[in-house]
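**Student:** Next up, protein_34.txt (compact mmCIF, C-alpha atoms).
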# COMPACT_ATOMS: atom_id res chain seq x y z
CA MET A 219 18.94 1.82 -36.87
CA GLY A 220 19.51 -0.09 -33.63
CA VAL A 221 21.64 0.67 -30.55
CA SER A 222 24.07 3.58 -30.41
CA SER A 223 26.66 4.47 -27.78
CA THR A 224 26.79 8.08 -28.95
CA PRO A 225 23.92 10.46 -28.10
CA PRO A 226 22.76 12.90 -30.79
CA PRO A 227 24.38 16.36 -30.84
CA PRO A 228 22.75 18.99 -28.61
CA SER A 229 20.15 21.34 -29.99
CA SER A 230 21.41 24.85 -30.64
CA ARG A 231 18.34 26.30 -28.94
CA GLY A 232 16.90 23.94 -26.36
CA LEU A 233 17.98 21.87 -23.39
CA ARG A 234 18.78 18.19 -23.13
CA ILE A 235 16.32 16.82 -20.58
CA GLY A 236 16.22 13.30 -19.17
CA LEU A 237 12.98 11.87 -17.77
CA LEU A 238 13.06 9.00 -15.28
CA GLY A 239 9.63 7.85 -14.17
CA GLY A 240 8.73 5.47 -11.38
CA SER A 241 6.78 4.98 -8.22
CA PHE A 242 9.85 5.69 -6.02
CA ASP A 243 8.12 3.75 -3.26
CA PRO A 244 10.67 4.32 -1.79
CA VAL A 245 13.54 5.85 -3.76
CA HIS A 246 16.80 3.88 -3.42
CA HIS A 247 20.43 3.89 -4.52
CA ALA A 248 19.75 2.16 -7.86
CA HIS A 249 17.41 5.00 -8.84
CA LEU A 250 20.06 7.58 -7.98
CA LEU A 251 22.89 5.73 -9.72
CA LEU A 252 20.77 5.42 -12.87
CA ALA A 253 19.89 9.12 -12.78
CA ILE A 254 23.56 10.07 -12.35
CA ALA A 255 24.67 7.73 -15.15
CA ALA A 256 22.05 9.12 -17.53
CA ARG A 257 22.92 12.73 -16.76
CA GLN A 258 26.62 12.16 -17.31
CA HIS A 259 26.49 9.88 -20.36
CA LEU A 260 23.85 11.87 -22.24
CA ALA A 261 25.32 15.25 -21.20
CA LEU A 262 21.94 16.33 -19.86
CA ASP A 263 21.16 19.81 -18.64
CA ASP A 264 18.58 18.34 -16.28
CA LEU A 265 17.50 14.86 -15.21
CA GLN A 266 13.92 15.00 -13.95
CA LEU A 267 12.49 12.34 -11.67
CA LEU A 268 8.79 11.83 -12.39
CA PRO A 269 7.05 10.15 -9.44
CA ALA A 270 3.85 8.47 -10.56
CA ALA A 271 0.45 9.14 -9.07
CA GLN A 272 -0.70 5.54 -9.62
CA PRO A 273 1.23 3.41 -12.14
CA TRP A 274 -1.26 1.47 -14.26
CA GLN A 275 0.82 -1.74 -14.36
CA ARG A 276 1.29 -2.29 -10.63
CA ALA A 277 -0.51 -2.70 -7.33
CA PRO A 278 -1.48 0.26 -5.11
CA LEU A 279 1.48 2.14 -3.65
CA GLY A 280 2.72 1.68 -0.10
CA ALA A 281 3.36 5.35 0.70
CA SER A 282 1.41 8.49 -0.11
CA ALA A 283 2.53 10.97 -2.73
CA GLU A 284 3.47 13.39 0.07
CA HIS A 285 5.83 10.86 1.67
CA ARG A 286 7.34 9.72 -1.63
CA LEU A 287 8.05 13.32 -2.63
CA ALA A 288 9.61 14.06 0.76
CA MET A 289 11.92 11.04 0.42
CA LEU A 290 12.90 12.07 -3.11
CA ARG A 291 13.81 15.57 -1.95
CA LEU A 292 16.04 14.11 0.76
CA ALA A 293 17.66 11.68 -1.69
CA ILE A 294 18.63 14.27 -4.33
CA ALA A 295 19.66 17.05 -1.93
CA GLU A 296 23.34 16.52 -2.75
CA HIS A 297 22.93 15.78 -6.46
CA PRO A 298 22.88 18.95 -8.58
CA GLY A 299 21.40 18.50 -12.02
CA ILE A 300 18.75 16.08 -10.75
CA SER A 301 15.31 17.54 -10.05
CA ILE A 302 11.77 16.43 -9.32
CA ASN A 303 8.88 17.02 -11.72
CA THR A 304 5.52 16.58 -9.95
CA LEU A 305 3.45 16.70 -13.15
CA GLU A 306 2.08 13.16 -12.81
CA ILE A 307 1.21 13.49 -9.13
CA ASP A 308 -0.44 16.85 -9.78
CA ARG A 309 -2.48 15.26 -12.58
CA ALA A 310 -3.49 12.32 -10.32
CA GLY A 311 -5.19 9.14 -11.48
CA PRO A 312 -3.56 6.32 -13.49
CA THR A 313 -0.18 7.30 -14.89
CA TYR A 314 0.49 6.91 -18.60
CA THR A 315 3.79 7.99 -20.11
CA ILE A 316 2.19 9.34 -23.26
CA ASP A 317 -0.01 11.76 -21.28
CA THR A 318 3.09 13.09 -19.54
CA LEU A 319 4.99 13.60 -22.78
CA ARG A 320 2.06 15.38 -24.39
CA GLU A 321 1.74 17.69 -21.41
CA LEU A 322 5.48 18.45 -21.52
CA GLY A 323 5.30 19.11 -25.25
CA ALA A 324 8.09 16.60 -25.84
CA GLY A 325 8.87 16.36 -29.53
CA GLU A 326 7.05 19.64 -30.19
CA ASN A 327 9.22 22.25 -28.47
CA GLU A 328 12.90 23.11 -28.83
CA HIS A 329 14.14 20.73 -26.11
CA THR A 330 15.54 17.24 -26.67
CA TYR A 331 14.00 14.64 -24.35
CA TYR A 332 15.34 11.25 -23.31
CA TRP A 333 13.12 8.70 -21.61
CA VAL A 334 15.31 6.68 -19.23
CA LEU A 335 14.23 3.12 -18.52
CA GLY A 336 15.58 -0.30 -17.61
CA SER A 337 16.01 -3.16 -20.05
CA ASP A 338 13.28 -5.07 -18.20
CA GLN A 339 10.83 -2.28 -19.11
CA LEU A 340 12.12 -2.26 -22.68
CA ALA A 341 11.02 -5.88 -23.08
CA ASN A 342 7.35 -4.94 -22.59
CA PHE A 343 7.57 -1.45 -24.08
CA CYS A 344 5.12 -2.32 -26.86
CA THR A 345 2.38 -2.87 -24.25
CA TRP A 346 2.57 0.80 -23.24
CA ARG A 347 -0.27 3.06 -24.32
CA ALA A 348 0.50 4.79 -27.66
CA TRP A 349 4.07 3.45 -27.62
CA GLU A 350 4.60 4.41 -31.27
CA GLU A 351 3.91 8.04 -30.40
CA ILE A 352 6.26 7.83 -27.43
CA VAL A 353 9.21 6.88 -29.64
CA ARG A 354 8.38 9.77 -31.95
CA ARG A 355 8.51 12.22 -29.08
CA VAL A 356 11.58 11.06 -27.13
CA HIS A 357 14.84 9.19 -27.46
CA LEU A 358 15.03 5.97 -25.43
CA ALA A 359 18.00 5.60 -23.08
CA VAL A 360 18.16 2.10 -21.63
CA ALA A 361 20.12 0.69 -18.69
CA GLU A 362 20.72 -3.03 -18.37
CA ARG A 363 18.85 -4.72 -15.53
CA PRO A 364 19.58 -8.15 -14.04
CA GLY A 365 18.36 -10.87 -16.42
CA ALA A 366 17.36 -8.48 -19.23
CA GLN A 367 19.60 -7.31 -22.05
CA VAL A 368 19.24 -4.07 -24.01
CA THR A 369 17.43 -5.70 -26.91
CA PRO A 370 14.29 -4.00 -28.30
CA PRO A 371 11.24 -6.11 -29.21
CA ALA A 372 10.82 -6.71 -32.94
CA ALA A 373 7.93 -4.25 -33.30
CA LEU A 374 9.86 -1.51 -31.51
CA GLN A 375 12.96 -2.16 -33.60
CA GLN A 376 10.87 -1.90 -36.76
CA GLU A 377 9.43 1.45 -35.65
CA LEU A 378 12.87 2.79 -34.68
CA THR A 379 14.22 1.80 -38.09
CA ARG A 380 11.31 3.56 -39.79
CA LEU A 381 11.97 6.72 -37.78
CA GLU A 382 15.75 6.41 -38.28
CA ARG A 383 16.19 6.48 -34.51
CA GLN A 384 18.39 4.53 -32.13
CA ILE A 385 18.35 3.31 -28.55
CA PHE A 386 21.09 4.74 -26.35
CA PRO A 387 22.42 2.19 -23.83
CA LEU A 388 23.55 3.64 -20.51
CA PRO A 389 26.76 2.45 -18.84
CA PHE A 390 25.22 1.18 -15.63
CA THR A 391 26.21 -1.74 -13.43
CA PRO A 392 23.06 -3.78 -12.81
CA THR A 393 21.96 -3.88 -9.19
CA ARG A 394 19.33 -5.99 -7.47
CA ILE A 395 18.21 -3.32 -5.02
CA SER A 396 14.46 -2.79 -5.40
CA SER A 397 11.72 -0.83 -3.70
CA THR A 398 9.83 -4.09 -3.17
CA GLU A 399 12.75 -5.57 -1.24
CA ILE A 400 13.02 -2.46 0.91
CA ARG A 401 9.31 -2.53 1.75
CA ASN A 402 9.47 -6.24 2.57
CA ARG A 403 12.50 -5.79 4.80
CA VAL A 404 10.87 -2.92 6.68
CA ALA A 405 7.69 -4.98 7.16
CA ALA A 406 9.80 -7.86 8.52
CA GLY A 407 11.69 -5.58 10.90
CA LEU A 408 14.99 -5.96 9.00
CA PRO A 409 17.50 -3.14 8.40
CA ILE A 410 17.62 -1.27 5.09
CA ASP A 411 20.83 0.67 5.70
CA GLY A 412 22.94 0.87 2.56
CA MET A 413 19.97 0.38 0.25
CA THR A 414 18.78 3.99 0.26
CA PRO A 415 20.35 7.24 1.50
CA PRO A 416 20.60 7.57 5.31
CA ALA A 417 18.18 10.51 5.32
CA VAL A 418 15.57 8.32 3.60
CA VAL A 419 16.19 5.47 6.05
CA ASP A 420 15.59 7.90 8.93
CA TYR A 421 12.45 9.28 7.27
CA ILE A 422 10.97 5.79 6.84
CA ARG A 423 11.67 5.00 10.49
CA THR A 424 10.37 8.33 11.79
CA HIS A 425 7.11 8.10 9.84
CA ARG A 426 6.76 4.33 10.36
CA LEU A 427 6.29 3.68 6.64
CA TYR A 428 5.88 0.20 5.14
CA GLN A 429 5.40 -1.50 8.50
CA ALA A 430 3.22 -4.58 8.60
What is this structure when it is put down as structure tokens?

**Tutor:**
Amino acid sequence: MGVSSTPPPPSSRGLRIGLLGGSFDPVHHAHLLLAIAARQHLALDDLQLLPAAQPWQRAPLGASAEHRLAMLRLAIAEHPGISINTLEIDRAGPTYTIDTLRELGAGENEHTYYWVLGSDQLANFCTWRAWEEIVRRVHLAVAERPGAQVTPPAALQQELTRLERQIFPLPFTPTRISSTEIRNRVAAGLPIDGMTPPAVVDYIRTHRLYQA
């Protein structure tokens, strides 16, 4: 088993649910385009954005959970089928994917779950806590990111083969928009129009987020 362009058939009982985690600090157009691509290509009933409380592999966040949630709500207001799941923020503390999947009951209930990630994250997937359990609980749906192809590490490929599972690549045009760039531009007094929805741009300005 390797990479497949065809998602598995839907369950006769449950929903098809996509999970897209991240700091969303702030949310931007690349996040939204990825969520839309995943929902359409995988025929999802719901694509849930999972804002992290404190991602364990990165520095402290620039905006509070309250502000990041407010920006997410503004960003998805016109995108039906995309929702926000606050499970990780409600749990607080360092964010580990496996804890989230266990709490959701992914792989144990009637729903089919897809974990949506970029190919850059796929490259270090085997550093994630309990990554073998993660691939037992969810299907991996991977979008190509600049400079990183959809190629699983050898250990992950071996585990997928053992489980007779595949990675589902998402048709997604790589973009170099990043939350880091947005924060840096705001701190430098540069415009961010066109990088994130206008309502989010206005929110950042109104609440003076990310300023030096």

**Student:** My list of candidates is A:Thr369, A:Ser337, A:Asn303, A:Gln384. Which is closest to Val353 in chain A when distances are computed with only C-alpha atoms?

**Tutor:** A:Gln384

**Student:** Considering only C-alpha atoms, can you say which of A:Leu340, A:Ile400, A:Arg355, A:His249 comes closest to Gln375 in chain A?

**Tutor:** A:Leu340

**Student:** Using CA of Leu252 in chain A and CA of Leu427 in chain A as the two end points, give the distance in Å to one decimal.

**Tutor:**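 Straight-line distance from CA of Leu252 in chain A to CA of Leu427 in chain A works out to 24.4 Å.
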
**Student:** Quick check, in Å to one decimal: how far apart do CA of Thr398 in chain A and CA of Phe242 in chain A lie?

**Tutor:**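 We find that CA of Thr398 in chain A and CA of Phe242 in chain A lie 10.2 Å from each other.
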
**Student:** Which is closest to His329 in chain A among A:Ala256, A:Leu250, A:Ile235, A:Leu265, if we use only C-alpha atoms?

**Tutor:**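 Distance minimum relative to His329 in chain A lands on A:Ile235.
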
**Student:** Give me, as a Markdown table, the closest atom pair and its distance (Å, one decimal) for every residue of range 331-370 of chain A within a cut-off of 9 Å of range 304-327 of chain A, counting only C-alpha atoms, rows sorted by chain and rising number.

**Tutor:**
| residue | atom | partner | partner_atom | distance |
| --- | --- | --- | --- | --- |
| A:Tyr331 | CA | A:Ala324 | CA | 6.4 |
| A:Trp346 | CA | A:Thr315 | CA | 7.9 |
| A:Arg347 | CA | A:Ile316 | CA | 6.8 |
| A:Ala348 | CA | A:Ile316 | CA | 6.6 |
| A:Trp349 | CA | A:Ile316 | CA | 7.6 |
| A:Glu351 | CA | A:Ile316 | CA | 7.5 |
| A:Ile352 | CA | A:Ile316 | CA | 6.0 |
| A:Arg354 | CA | A:Gly325 | CA | 7.0 |
| A:Arg355 | CA | A:Gly325 | CA | 4.2 |
| A:Val356 | CA | A:Gly325 | CA | 6.4 |

**Student:** Ala341 in chain A: which residues within 8 Å, counting only C-alpha atoms, same-chain residues fewer than 3 positions away excluded, as a ChimeraX atom specification?

**Tutor:** /A:337-338,344,366,369-371

**Student:** CA of His357 in chain A to CA of Arg380 in chain A: how many Å, to one decimal?

**Tutor:** 14.0 Å

**Student:** Tell me which of A:Val418, A:Leu335, A:Ala359, A:Ala406 sits closest to Ala430 in chain A, counting all atoms listed in the file.

**Tutor:**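 Closest candidate: A:Ala406.
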
**Student:** Which residue, A:Tyr428, A:Gly336, A:Leu381, A:Asn342, has the smallest gap to Glu399 in chain A when you use only C-alpha atoms?

**Tutor:**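 Selected residue with least distance to Glu399 in chain A: A:Tyr428.
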
**Student:** Choose the residue, out of A:Leu267, A:Ala248, A:Leu260, A:Leu374, that has the smallest atom-to-atom separation from Pro415 in chain A; count only C-alpha atoms.

**Tutor:**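 Counting only C-alpha atoms, the residue closest to Pro415 in chain A is A:Ala248.
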
**Student:** May I have the residues within 12 Å of Ile294 in chain A as a PDB file with C-alpha atoms, in the coordinates of the input, using all atoms listed in the file and disregarding those fewer than 2 positions away in the same chain?

**Tutor:**
ATOM      1  CA  VAL A 245      13.540   5.850  -3.760  1.00  0.00           C
ATOM      2  CA  HIS A 246      16.800   3.880  -3.420  1.00  0.00           C
ATOM      3  CA  HIS A 247      20.430   3.890  -4.520  1.00  0.00           C
ATOM      4  CA  HIS A 249      17.410   5.000  -8.840  1.00  0.00           C
ATOM      5  CA  LEU A 250      20.060   7.580  -7.980  1.00  0.00           C
ATOM      6  CA  LEU A 251      22.890   5.730  -9.720  1.00  0.00           C
ATOM      7  CA  ALA A 253      19.890   9.120 -12.780  1.00  0.00           C
ATOM      8  CA  ILE A 254      23.560  10.070 -12.350  1.00  0.00           C
ATOM      9  CA  LEU A 265      17.500  14.860 -15.210  1.00  0.00           C
ATOM     10  CA  GLN A 266      13.920  15.000 -13.950  1.00  0.00           C
ATOM     11  CA  LEU A 267      12.490  12.340 -11.670  1.00  0.00           C
ATOM     12  CA  LEU A 287       8.050  13.320  -2.630  1.00  0.00           C
ATOM     13  CA  ALA A 288       9.610  14.060   0.760  1.00  0.00           C
ATOM     14  CA  MET A 289      11.920  11.040   0.420  1.00  0.00           C
ATOM     15  CA  LEU A 290      12.900  12.070  -3.110  1.00  0.00           C
ATOM     16  CA  ARG A 291      13.810  15.570  -1.950  1.00  0.00           C
ATOM     17  CA  LEU A 292      16.040  14.110   0.760  1.00  0.00           C
ATOM     18  CA  GLU A 296      23.340  16.520  -2.750  1.00  0.00           C
ATOM     19  CA  HIS A 297      22.930  15.780  -6.460  1.00  0.00           C
ATOM     20  CA  PRO A 298      22.880  18.950  -8.580  1.00  0.00           C
ATOM     21  CA  GLY A 299      21.400  18.500 -12.020  1.00  0.00           C
ATOM     22  CA  ILE A 300      18.750  16.080 -10.750  1.00  0.00           C
ATOM     23  CA  SER A 301      15.310  17.540 -10.050  1.00  0.00           C
ATOM     24  CA  ILE A 302      11.770  16.430  -9.320  1.00  0.00           C
ATOM     25  CA  THR A 414      18.780   3.990   0.260  1.00  0.00           C
ATOM     26  CA  PRO A 415      20.350   7.240   1.500  1.00  0.00           C
ATOM     27  CA  PRO A 416      20.600   7.570   5.310  1.00  0.00           C
ATOM     28  CA  ALA A 417      18.180  10.510   5.320  1.00  0.00           C
ATOM     29  CA  VAL A 418      15.570   8.320   3.600  1.00  0.00           C
TER      30      VAL A 418
END

**Student:** Grab all the atoms of range 340-349 of chain A that the file lists, wrap them in a box along x, y and z, add 3 Å per side, and give me centre plus edge lengths in Å (one decimal) as lines of an AutoDock Vina configuration file.

**Tutor:**
center_x = 5.9
center_y = -0.5
center_z = -25.1
size_x = 18.4
size_y = 16.7
size_z = 11.1

**Student:** Env of Leu279 in chain A: 8 Å cut, atoms = only C-alpha atoms, seq-sep filter 2 positions within chain, self excluded. Answer as JSON, numbers by chain.

**Tutor:** {"A": [241, 243, 272, 277, 281, 282]}

**Student:** Please, could you write that set of residues out with C-alpha atoms as a PDB file, keeping the file's coordinate frame?

**Tutor:**
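Full text of result06.pdb as output:
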ATOM      1  CA  SER A 241       6.780   4.980  -8.220  1.00  0.00           C
ATOM      2  CA  ASP A 243       8.120   3.750  -3.260  1.00  0.00           C
ATOM      3  CA  GLN A 272      -0.700   5.540  -9.620  1.00  0.00           C
ATOM      4  CA  ALA A 277      -0.510  -2.700  -7.330  1.00  0.00           C
ATOM      5  CA  ALA A 281       3.360   5.350   0.700  1.00  0.00           C
ATOM      6  CA  SER A 282       1.410   8.490  -0.110  1.00  0.00           C
TER       7      SER A 282
END

**Student:** Tell me which protein, DNA and RNA residues are within 12 Å of Arg403 in chain A, counting only C-alpha atoms, leaving out same-chain ones fewer than 4 positions away, and put them as a PyMOL selection string.

**Tutor:** chain A and resi 395-399+407-411+413+419+422+427-430

**Student:** Got a sec to check which residues sit within 9 Å of (22.0, 24.1, -18.3), counting only C-alpha atoms, and write them as JSON, numbers by chain?

**Tutor:** {"A": [233, 234, 262, 263, 264, 299]}
